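Chemist: Have a look at this one before I ask anything.
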Amino acid sequence: MAPNQFSSGDVIADRRADYARMLAESGDFLAAAELMEQALELAPRWTAGWFRFGEYHEKAGETEKAVAAYGKVAELDTEGLFAAELKLAVLGAAETPEQPPSRYVEGLFDDYADRFETSLVEKLDYSVPQKLAELIGKAAGSGVFDTIVDIGCGTGLLGVEIRAFANRLEGFDISQNMLAKAEEKGLYDHLDQADLSLEPEASGLFTPTLAQHRAGLVAAADVMMYLGSLETVMPLVSALLAPSGFFAFSVEDAGEEDGFVLRESLRYAHSKSYVSELLERTGFSLIEIRKTTIRKDAGKPLSGILFLARAKG
């Protein structure tokens, strides 16, 4: 999110919001909400201010007031940058969206890029790239793929692990800041921006020089939890893959819940049955399913599922 979105444009409102933030950091969310209310009286169309107002009420346990504030955010935020509909769904005030707004995901990772690897690897024991690389190594056997496409490549953590399996490695991500970090690693033959929620021709994955059906393997490490429904990503994968190509990816495990569910983290989790049935329905044969811990979340192990599938020839 751009820094000016955190300013109301009113000096007094900003000052009250700063005091509110300090109160929230000390754990006094009710007092913080009171000050934010005063700030919003001065800047009634300040989207970021309404979002903070909702967060303070939510953390104070005042769900109805939080819902009202997030409803105001949804009204003001035409781009979906703050993804108020996700907050409303988590609070039980709206249906779960099939996908988050693309601008929200892009802004989230643009903001996160500089500390992404430190947070995931050093603090959260993130292990998906290494574990997914094991499955990709099985698919490669003793050879290499002509082309691997890493969708949602982020800063290139998976690229580090799978570069040796590809003659050509391509990476795509919705965040330009994440792509810049990936480029610093010097691993990818091609990097570009793509939106996995769009139709193939609009996604950014295909150009006159980036043909369909060019990949022997498509990989996606911790991408599906930012997509929700996987109905849109499967046509993209199918369009990328050569006949009998492989698809290796991870999801957060929805456990006993069916389909896909939105967690309080604002990430989606997917059930084994939902993913397996979708793969079968879209022309894939399952090769391996592996349940594993993918990282820590709030200090606890977070369960995930790794899938290796192959397009039916």
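Residues in the structure tokens are numbered from 1 in each chain, the chains being A, B, ... in the order shown, and ligands are numbered from 1 in the order shown.
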Output as an MDAnalysis selection string all residues of region 14-159 of chain A that backbone DSSP marks as alpha helix (DSSP H).

Modeler: chainID A and resid 14:25 29:42 47:59 63:76 84:90 102:112 116:117 124 128:140 157:159

Chemist: Might you pull out every residue within 8 Å of region 275-291 of chain A, with only C-alpha atoms counted and same-chain residues fewer than 3 positions away left off, and present them as a ChimeraX atom specification?

Modeler: /A:231,234,259,270-272,303-312

Chemist: Would you list, as a ChimeraX atom specification, the residues of region 10-226 of chain A that end up in strand (DSSP E or B) under DSSP run on this structure's backbone?

Modeler: /A:145-151,166-173,190-193,207,210,215-220

Chemist: Give the answer as one residue: which of A:Ile136, A:Cys153, A:Leu191, A:Val233 has the shortest atom-to-atom distance to Phe165 (chain A), using only C-alpha atoms?

Modeler: A:Ile136

Chemist: Give the answer as one residue: which of A:Gly154, A:Gly49, A:Pro243, A:Gly92 has the shortest atom-to-atom distance to Ser7 (chain A), using only C-alpha atoms?

Modeler: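 So, comparing all the options, the nearest one is A:Gly49.
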
Chemist: Excluding Phe53 (chain A) and any residue of its chain fewer than 6 positions from it, enumerate the residues within 7 Å of it, using only C-alpha atoms, and give them as a list in words.

Modeler: Ala33, Met36 and Ala69 of chain A

Chemist: Write out as a VMD selection string the residues lying within 6 Å of region 107-123 of chain A, counting only C-alpha atoms and excluding same-chain residues fewer than 3 positions away.

Modeler: chain A and resid 1 103 to 104 126 175 177 to 178

Chemist: Next, the residues of the selection above should be written as a short mmCIF file (atom, residue, chain, number, x, y, z; two decimals), in the first residue's frame with N, CA, C and O atoms.

Modeler:
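Saved result, out.cif, follows:
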```
data_model
loop_
_atom_site.label_atom_id
_atom_site.label_comp_id
_atom_site.auth_asym_id
_atom_site.auth_seq_id
_atom_site.Cartn_x
_atom_site.Cartn_y
_atom_site.Cartn_z
N MET A 1 0.84 -1.18 0.00
CA MET A 1 0.00 0.00 0.00
C MET A 1 0.89 1.24 0.00
O MET A 1 1.89 1.30 0.71
N ARG A 103 -5.56 -6.53 -6.22
CA ARG A 103 -4.80 -5.37 -5.71
C ARG A 103 -4.40 -5.58 -4.26
O ARG A 103 -3.35 -5.08 -3.83
N TYR A 104 -5.22 -6.27 -3.49
CA TYR A 104 -4.86 -6.58 -2.11
C TYR A 104 -3.63 -7.48 -2.07
O TYR A 104 -2.68 -7.23 -1.33
N TYR A 126 10.04 -21.92 7.39
CA TYR A 126 9.37 -22.24 6.13
C TYR A 126 10.15 -23.32 5.38
O TYR A 126 11.35 -23.20 5.15
N SER A 175 3.54 -9.39 -7.70
CA SER A 175 4.22 -8.28 -7.04
C SER A 175 5.53 -7.94 -7.74
O SER A 175 6.45 -8.76 -7.82
N ASN A 177 7.75 -5.89 -6.60
CA ASN A 177 8.82 -5.84 -5.60
C ASN A 177 9.38 -7.24 -5.32
O ASN A 177 10.59 -7.41 -5.11
N MET A 178 8.51 -8.24 -5.31
CA MET A 178 8.98 -9.62 -5.12
C MET A 178 9.81 -10.05 -6.34
O MET A 178 10.86 -10.70 -6.19
#
```

Chemist: Which residues are near His213 (chain A)? Cut-off 8 Å, only C-alpha atoms, ignore same chain within fewer than 4 positions. Put them as a PyMOL selection string.

Modeler: chain A and resi 238-243

Chemist: Quick one: residues within 6 Å of region 216-230 of chain A, only C-alpha atoms counted, chain neighbours fewer than 4 positions away excluded, as a list in words?

Modeler: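 Counting only the stated atoms, we get Glu98, Gln99, Phe145, Thr147, Ile148, Val149, Asp150, Ile151, Gly152, Leu241, Ala242, Gly245, Phe246, Phe247, Ala248, Phe249, Ser250, Val251, Arg267, Tyr268 and Ala269 of chain A.
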
Chemist: Show me, as a PyMOL selection string, the residues that have an atom within 7 Å of region 21-23 of chain A when counting only C-alpha atoms, minus same-chain residues fewer than 6 positions from it.

Modeler: chain A and resi 29+31-32

Chemist: For the selection just defined, write its residues with N, CA, C and O atoms to a file, as a compact mmCIF listing (two decimals), in the first residue's frame.

Modeler:
```
# COMPACT_ATOMS: atom_id res chain seq x y z
N PHE A 29 -7.10 -1.15 23.10
CA PHE A 29 -7.77 -1.02 21.80
C PHE A 29 -9.03 -0.16 21.87
O PHE A 29 -9.37 0.51 20.89
N ALA A 31 -9.52 2.53 23.77
CA ALA A 31 -9.09 3.92 23.74
C ALA A 31 -8.58 4.29 22.35
O ALA A 31 -8.81 5.41 21.86
N ALA A 32 -7.91 3.34 21.71
CA ALA A 32 -7.42 3.59 20.35
C ALA A 32 -8.59 3.83 19.39
O ALA A 32 -8.55 4.72 18.55
```

Chemist: Rank nothing, just name the residue among A:Gly171, A:Pro44, A:Pro235, A:Pro208 nearest to Ala194 (chain A), using only C-alpha atoms.

Modeler: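 Using only C-alpha atoms, the shortest distance to Ala194 (chain A) belongs to A:Gly171.
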